[in-house]
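Participant: There's a structure below that I have some questions on.
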Amino acid sequence: VAKAPPDGYTLLLGNAGPITINPSLHKKMPYDAQRDLLAIAMLSGSPMVMVSHPSLPVKTVKEFVQFAKQRPGQINYCSSGVGNLTHLGMEYLQSIAGIKLNHVPYKGAAPAFIDLIAGQCSIMFANITGSMTHIGSGRVRVIAVSSAKRAAVLPQVPGVAETYPEFDITTWVGIFAPAGLPRELASKLQADLMTVMARSEVRERIASQGGEVFAAPGEHLAAHIRKETALYAKVVQSSGIKPE
């Protein structure tokens with residue numbers, strides 16, 4: 001898409017991975033997301049959930065941080081892969097809370113959940129949609145959500161931000177076009193997308209999958225990308241992840 005003609009016929013449904021995280025994980029990228037792509041609109045997203053094995057004797061973020069501070073380097077946390085949000089989210093929490101955990105990466109969320117449920121690791125961040133069955137069964141305990149606001153599907157669960165106000169990490173989906181798309185085309189696409197996202201059936205379908213409509217214009221998405229890219233660059237650097 002970054003190299004496609006800016007004629008309105010080629011669009012990208014993008015998320016944080018290739019847009020805001022990869023620039024810090026890879027020394028050389030075949031594109032510059034902020035230079036080569038035009039943000040048209042943010043559509044939807046969802047927070048992650050912090051879930052633990054039920055044997056971990058904590059029920060809140062504050063209790064977990066206190067517990068971890070007493071056991072530096074002794075608590076294992078799972079992630080669904082190196083460099084994704086489930087990894088960076090916990091690294092970010094470590095940096096602002098002043099705790100030290102051991103990272104155990106897995107190739108996907110399914111094997112990570114298997115070992116979390118088995119007690120091989122104690123805690124993890126995970127996609128909210130894929131976590132609901134495990135939360136409902138009681139096989140894992142939900143501690144918090146990763147967004148600044150509480151999630152509509154888990155309104156009783158506090159956000160990490162209620163303990164650490166700067167913590168706000170969510171997955172998101174947005175629409176992009178090649179840079180250079182004429183302003184009138186970009187405005188038309190944005191208006192049409194806002195109309196679609198306002199439909200009740202669309203909002204209900206997204207909500208049924210654990211997501212929320214974050215419909216916002218391209219300027220908002222572009223600003224969010226700048227802020228998020230800078231944050232993940234700091235997290236990657238502080239965590240010692242080596243760019244490839």
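Starting from 1 in every chain, residues are counted up; chains themselves are A, B, ... following the order of the structure tokens, and ligands are numbered from 1 as listed.
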Each residue of segment 155-213 of chain A with at least one atom at most 7 Å from segment 5-19 of chain A should appear once, together with its nearest atom pair and the corresponding distance in Å (one decimal); atoms considered: only C-alpha atoms; ordering: chain, then increasing residue number; output as JSON lines.

Facilitator:
{"residue": "A:Thr171", "atom": "CA", "partner": "A:Ala16", "partner_atom": "CA", "distance": 6.8}
{"residue": "A:Trp172", "atom": "CA", "partner": "A:Asn15", "partner_atom": "CA", "distance": 5.7}
{"residue": "A:Val173", "atom": "CA", "partner": "A:Asn15", "partner_atom": "CA", "distance": 4.8}
{"residue": "A:Gly174", "atom": "CA", "partner": "A:Gly14", "partner_atom": "CA", "distance": 5.4}
{"residue": "A:Ile175", "atom": "CA", "partner": "A:Leu13", "partner_atom": "CA", "distance": 4.8}
{"residue": "A:Phe176", "atom": "CA", "partner": "A:Leu12", "partner_atom": "CA", "distance": 4.9}
{"residue": "A:Ala177", "atom": "CA", "partner": "A:Leu11", "partner_atom": "CA", "distance": 4.8}
{"residue": "A:Pro178", "atom": "CA", "partner": "A:Pro6", "partner_atom": "CA", "distance": 5.1}
{"residue": "A:Ala179", "atom": "CA", "partner": "A:Pro6", "partner_atom": "CA", "distance": 6.5}
{"residue": "A:Gly180", "atom": "CA", "partner": "A:Pro6", "partner_atom": "CA", "distance": 5.7}
{"residue": "A:Leu181", "atom": "CA", "partner": "A:Pro6", "partner_atom": "CA", "distance": 4.5}
{"residue": "A:Leu185", "atom": "CA", "partner": "A:Gly8", "partner_atom": "CA", "distance": 6.7}

Participant: Could you write out that same residue set with C-alpha atoms as a PDB file, in the first residue's frame?

Facilitator:
ATOM      1  CA  THR A 171      -5.188  -2.665  20.261  1.00  0.00           C
ATOM      2  CA  TRP A 172      -6.699  -0.629  17.448  1.00  0.00           C
ATOM      3  CA  VAL A 173      -7.630  -0.867  13.791  1.00  0.00           C
ATOM      4  CA  GLY A 174      -7.456   1.979  11.309  1.00  0.00           C
ATOM      5  CA  ILE A 175      -7.743   2.644   7.599  1.00  0.00           C
ATOM      6  CA  PHE A 176      -4.776   4.030   5.658  1.00  0.00           C
ATOM      7  CA  ALA A 177      -4.135   5.105   2.077  1.00  0.00           C
ATOM      8  CA  PRO A 178      -0.904   5.780   0.195  1.00  0.00           C
ATOM      9  CA  ALA A 179       0.517   9.202   1.007  1.00  0.00           C
ATOM     10  CA  GLY A 180      -0.412  11.744  -1.627  1.00  0.00           C
ATOM     11  CA  LEU A 181      -4.070  10.780  -1.804  1.00  0.00           C
ATOM     12  CA  LEU A 185     -10.793  11.636  -1.758  1.00  0.00           C
TER      13      LEU A 185
END

Participant: Could you name the residues that touch His224 of chain A at 12 Å or less, counting only C-alpha atoms, but leaving out those on the same chain fewer than 4 positions away, as a VMD selection string?

Facilitator: chain A and resid 15 to 16 19 to 20 34 39 41 to 42 168 to 174 214 216 to 220 228 to 231

Participant: Write the selection just made, keeping C-alpha atoms, as a compact mmCIF listing (two decimals), in the first residue's frame?

Facilitator:
# COMPACT_ATOMS: atom_id res chain seq x y z
CA ASN A 15 -2.93 -1.95 13.41
CA ALA A 16 -0.17 -1.20 15.89
CA ILE A 19 2.58 0.85 12.13
CA THR A 20 3.87 1.78 15.59
CA GLN A 34 4.29 8.09 9.06
CA ALA A 39 -4.21 7.98 8.10
CA ALA A 41 -9.75 7.01 10.13
CA MET A 42 -9.49 5.03 13.33
CA ASP A 168 -2.92 3.20 28.42
CA ILE A 169 -2.32 0.47 25.83
CA THR A 170 -5.01 -0.77 23.49
CA THR A 171 -5.19 -2.66 20.26
CA TRP A 172 -6.70 -0.63 17.45
CA VAL A 173 -7.63 -0.87 13.79
CA GLY A 174 -7.46 1.98 11.31
CA PHE A 214 -13.16 4.17 18.43
CA ALA A 216 -12.14 9.08 14.87
CA PRO A 217 -10.85 11.14 11.94
CA GLY A 218 -7.48 10.69 10.31
CA GLU A 219 -5.91 13.59 12.19
CA HIS A 220 -6.68 11.87 15.49
CA GLU A 228 2.37 5.47 20.36
CA THR A 229 5.46 5.09 18.17
CA ALA A 230 7.46 7.21 20.61
CA LEU A 231 6.17 5.20 23.58

Participant: To one decimal in Å, tell me the separation between atom CA of Gly89 of chain A and atom CA of Val61 of chain A.

Facilitator: 13.4 Å

Participant: Please report, as a PyMOL selection string, each residue of segment 17-95 of chain A to which DSSP assigns alpha helix (DSSP H) when run on this structure's backbone.

Facilitator: chain A and resi 22-25+33-36+61-69+85-95

Participant: Output N, CA and C atoms for every residue in that selection, as an mmCIF file, in the first residue's frame.

Facilitator:
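Generated file (out_10.cif):
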data_model
loop_
_atom_site.group_PDB
_atom_site.id
_atom_site.type_symbol
_atom_site.label_atom_id
_atom_site.label_comp_id
_atom_site.auth_asym_id
_atom_site.auth_seq_id
_atom_site.Cartn_x
_atom_site.Cartn_y
_atom_site.Cartn_z
ATOM 1 N N ASN A 22 6.787 -2.062 14.865
ATOM 2 C CA ASN A 22 7.880 -2.556 14.021
ATOM 3 C C ASN A 22 9.004 -1.555 13.776
ATOM 4 N N PRO A 23 8.734 -0.251 13.686
ATOM 5 C CA PRO A 23 9.847 0.680 13.489
ATOM 6 C C PRO A 23 10.916 0.607 14.576
ATOM 7 N N SER A 24 10.539 0.161 15.774
ATOM 8 C CA SER A 24 11.512 0.030 16.858
ATOM 9 C C SER A 24 12.121 -1.361 16.940
ATOM 10 N N LEU A 25 11.517 -2.327 16.257
ATOM 11 C CA LEU A 25 12.000 -3.708 16.314
ATOM 12 C C LEU A 25 12.907 -4.064 15.150
ATOM 13 N N ALA A 33 5.957 4.335 7.963
ATOM 14 C CA ALA A 33 4.500 4.433 8.106
ATOM 15 C C ALA A 33 4.019 5.875 8.193
ATOM 16 N N GLN A 34 4.747 6.707 8.902
ATOM 17 C CA GLN A 34 4.294 8.088 9.062
ATOM 18 C C GLN A 34 4.539 8.934 7.815
ATOM 19 N N ARG A 35 5.485 8.516 6.986
ATOM 20 C CA ARG A 35 5.773 9.258 5.753
ATOM 21 C C ARG A 35 5.001 8.716 4.558
ATOM 22 N N ASP A 36 4.895 7.389 4.472
ATOM 23 C CA ASP A 36 4.372 6.751 3.263
ATOM 24 C C ASP A 36 2.880 6.449 3.310
ATOM 25 N N VAL A 61 -3.792 -4.604 40.719
ATOM 26 C CA VAL A 61 -2.480 -4.201 40.213
ATOM 27 C C VAL A 61 -1.574 -3.805 41.369
ATOM 28 N N LYS A 62 -2.107 -3.056 42.322
ATOM 29 C CA LYS A 62 -1.305 -2.626 43.468
ATOM 30 C C LYS A 62 -0.772 -3.821 44.240
ATOM 31 N N GLU A 63 -1.617 -4.810 44.477
ATOM 32 C CA GLU A 63 -1.174 -6.007 45.195
ATOM 33 C C GLU A 63 -0.120 -6.762 44.398
ATOM 34 N N PHE A 64 -0.303 -6.830 43.073
ATOM 35 C CA PHE A 64 0.675 -7.534 42.250
ATOM 36 C C PHE A 64 2.028 -6.843 42.295
ATOM 37 N N VAL A 65 2.033 -5.532 42.184
ATOM 38 C CA VAL A 65 3.297 -4.790 42.214
ATOM 39 C C VAL A 65 3.994 -4.979 43.557
ATOM 40 N N GLN A 66 3.254 -4.910 44.645
ATOM 41 C CA GLN A 66 3.848 -5.131 45.965
ATOM 42 C C GLN A 66 4.418 -6.542 46.073
ATOM 43 N N PHE A 67 3.681 -7.513 45.573
ATOM 44 C CA PHE A 67 4.125 -8.911 45.598
ATOM 45 C C PHE A 67 5.395 -9.080 44.776
ATOM 46 N N ALA A 68 5.424 -8.472 43.584
ATOM 47 C CA ALA A 68 6.579 -8.601 42.697
ATOM 48 C C ALA A 68 7.808 -7.896 43.254
ATOM 49 N N LYS A 69 7.616 -6.768 43.909
ATOM 50 C CA LYS A 69 8.759 -6.044 44.480
ATOM 51 C C LYS A 69 9.453 -6.855 45.565
ATOM 52 N N LEU A 85 2.175 -6.649 21.593
ATOM 53 C CA LEU A 85 1.609 -5.864 22.689
ATOM 54 C C LEU A 85 1.580 -6.616 24.013
ATOM 55 N N THR A 86 1.396 -7.937 23.978
ATOM 56 C CA THR A 86 1.369 -8.689 25.231
ATOM 57 C C THR A 86 2.731 -8.676 25.906
ATOM 58 N N HIS A 87 3.775 -8.530 25.127
ATOM 59 C CA HIS A 87 5.141 -8.414 25.647
ATOM 60 C C HIS A 87 5.428 -6.981 26.082
ATOM 61 N N LEU A 88 5.208 -6.030 25.174
ATOM 62 C CA LEU A 88 5.540 -4.640 25.470
ATOM 63 C C LEU A 88 4.695 -4.078 26.610
ATOM 64 N N GLY A 89 3.443 -4.537 26.715
ATOM 65 C CA GLY A 89 2.595 -4.060 27.800
ATOM 66 C C GLY A 89 3.176 -4.386 29.164
ATOM 67 N N MET A 90 3.655 -5.617 29.336
ATOM 68 C CA MET A 90 4.216 -5.995 30.630
ATOM 69 C C MET A 90 5.575 -5.343 30.852
ATOM 70 N N GLU A 91 6.343 -5.157 29.782
ATOM 71 C CA GLU A 91 7.612 -4.447 29.925
ATOM 72 C C GLU A 91 7.370 -3.000 30.349
ATOM 73 N N TYR A 92 6.342 -2.391 29.801
ATOM 74 C CA TYR A 92 6.005 -1.017 30.171
ATOM 75 C C TYR A 92 5.589 -0.948 31.637
ATOM 76 N N LEU A 93 4.776 -1.897 32.077
ATOM 77 C CA LEU A 93 4.370 -1.916 33.480
ATOM 78 C C LEU A 93 5.581 -2.063 34.390
ATOM 79 N N GLN A 94 6.511 -2.935 34.022
ATOM 80 C CA GLN A 94 7.716 -3.094 34.833
ATOM 81 C C GLN A 94 8.473 -1.775 34.971
ATOM 82 N N SER A 95 8.567 -1.043 33.868
ATOM 83 C CA SER A 95 9.362 0.185 33.886
ATOM 84 C C SER A 95 8.731 1.267 34.757
#

Participant: How close does each residue of segment 37-94 of chain A get to segment 137-149 of chain A, giving the shortest atom pair and distance in Å to one decimal for every residue with an atom at most 8 Å away, counting only C-alpha atoms, sorted by chain and residue number, as JSON lines?

Facilitator:
{"residue": "A:Ser46", "atom": "CA", "partner": "A:Ser147", "partner_atom": "CA", "distance": 8.0}
{"residue": "A:Pro47", "atom": "CA", "partner": "A:Ser147", "partner_atom": "CA", "distance": 5.2}
{"residue": "A:Met48", "atom": "CA", "partner": "A:Ser146", "partner_atom": "CA", "distance": 5.2}
{"residue": "A:Val49", "atom": "CA", "partner": "A:Val145", "partner_atom": "CA", "distance": 4.4}
{"residue": "A:Met50", "atom": "CA", "partner": "A:Ala144", "partner_atom": "CA", "distance": 5.2}
{"residue": "A:Val51", "atom": "CA", "partner": "A:Val142", "partner_atom": "CA", "distance": 4.4}
{"residue": "A:Ser52", "atom": "CA", "partner": "A:Arg141", "partner_atom": "CA", "distance": 5.2}
{"residue": "A:His53", "atom": "CA", "partner": "A:Val140", "partner_atom": "CA", "distance": 5.1}
{"residue": "A:Pro54", "atom": "CA", "partner": "A:Arg141", "partner_atom": "CA", "distance": 5.6}
{"residue": "A:Lys59", "atom": "CA", "partner": "A:Ile143", "partner_atom": "CA", "distance": 5.7}
{"residue": "A:Thr60", "atom": "CA", "partner": "A:Ile143", "partner_atom": "CA", "distance": 5.4}
{"residue": "A:Val61", "atom": "CA", "partner": "A:Ile143", "partner_atom": "CA", "distance": 6.5}
{"residue": "A:Gly89", "atom": "CA", "partner": "A:Ser146", "partner_atom": "CA", "distance": 8.0}

Participant: Write down as a ChimeraX atom specification the residues of segment 75-117 of chain A whose backbone DSSP state falls under strand (DSSP E or B).

Facilitator: /A:76-79,102-105

Participant: I need the residues from that last selection saved to file as a tab-separated table (two decimals), in the first residue's frame (with N, CA and C atoms), if you can.

Facilitator:
chain	number	residue	atom	x	y	z
A	76	ASN	N	7.44	-15.40	36.69
A	76	ASN	CA	7.43	-15.54	35.23
A	76	ASN	C	6.14	-14.97	34.65
A	77	TYR	N	6.28	-14.23	33.57
A	77	TYR	CA	5.09	-13.81	32.84
A	77	TYR	C	5.15	-14.32	31.41
A	78	CYS	N	4.01	-14.72	30.89
A	78	CYS	CA	3.90	-15.22	29.52
A	78	CYS	C	3.62	-14.07	28.57
A	79	SER	N	3.97	-14.28	27.32
A	79	SER	CA	3.50	-13.41	26.25
A	79	SER	C	3.23	-14.29	25.04
A	102	ASN	N	10.34	-12.18	34.89
A	102	ASN	CA	10.99	-13.00	33.85
A	102	ASN	C	10.02	-13.20	32.69
A	103	HIS	N	10.48	-12.89	31.49
A	103	HIS	CA	9.64	-13.02	30.30
A	103	HIS	C	9.76	-14.42	29.71
A	104	VAL	N	8.62	-15.07	29.48
A	104	VAL	CA	8.58	-16.38	28.83
A	104	VAL	C	7.72	-16.23	27.57
A	105	PRO	N	8.34	-16.06	26.40
A	105	PRO	CA	7.57	-15.86	25.17
A	105	PRO	C	7.07	-17.17	24.58

Participant: How far is it from atom CA of Gly98 of chain A to atom CA of Pro155 of chain A, in Å with one decimal?

Facilitator: 27.6 Å

Participant: Using only C-alpha atoms, pick whichever of A:Arg183, A:Phe113, A:Met29, A:Pro165 has the shortest atom-to-atom distance to Met132 of chain A.

Facilitator: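 Among the listed residues, A:Phe113 lies closest to Met132 of chain A.
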
Participant: Fewer than 3 positions away in the same chain doesn't count, so skip those; otherwise give me all residues within 8 Å of Ser80 of chain A, counting only C-alpha atoms, as a list in words.

Facilitator: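 Contacts, with the query itself left out: Asn84, Thr86, His87, Pro105, Tyr106, Lys107, Gly108, Ala109, Ala110, Pro111, Ala112 and Ala126 of chain A.
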
Participant: Quick one, how far is atom CA of Lys227 of chain A from atom CA of Glu166 of chain A?

Facilitator: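 Here the two named atoms are 12.4 Å from each other.
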
Participant: Please determine, counting only C-alpha atoms, which residue among A:Leu38, A:Ile128, A:Val58, A:Met194 has the shortest atom-to-atom distance to Leu154 of chain A.

Facilitator: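 Residue with the minimum atom-to-atom distance to Leu154 of chain A: A:Ile128.
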
Participant: Using only C-alpha atoms, which protein or nucleic acid residues come within 9 Å of Ile206 of chain A? Drop anything in the same chain fewer than 6 positions from it, and give the result as a list in words.

Facilitator: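 Once the nearby chain positions are removed, what remains is Ser44, Gly45, Glu212 and Val213 of chain A.
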
Participant: Using only C-alpha atoms for the distances, tell me which of A:Ala223, A:Ile135, A:Leu37, A:Ile21 is nearest to Val1 of chain A.

Facilitator: A:Leu37
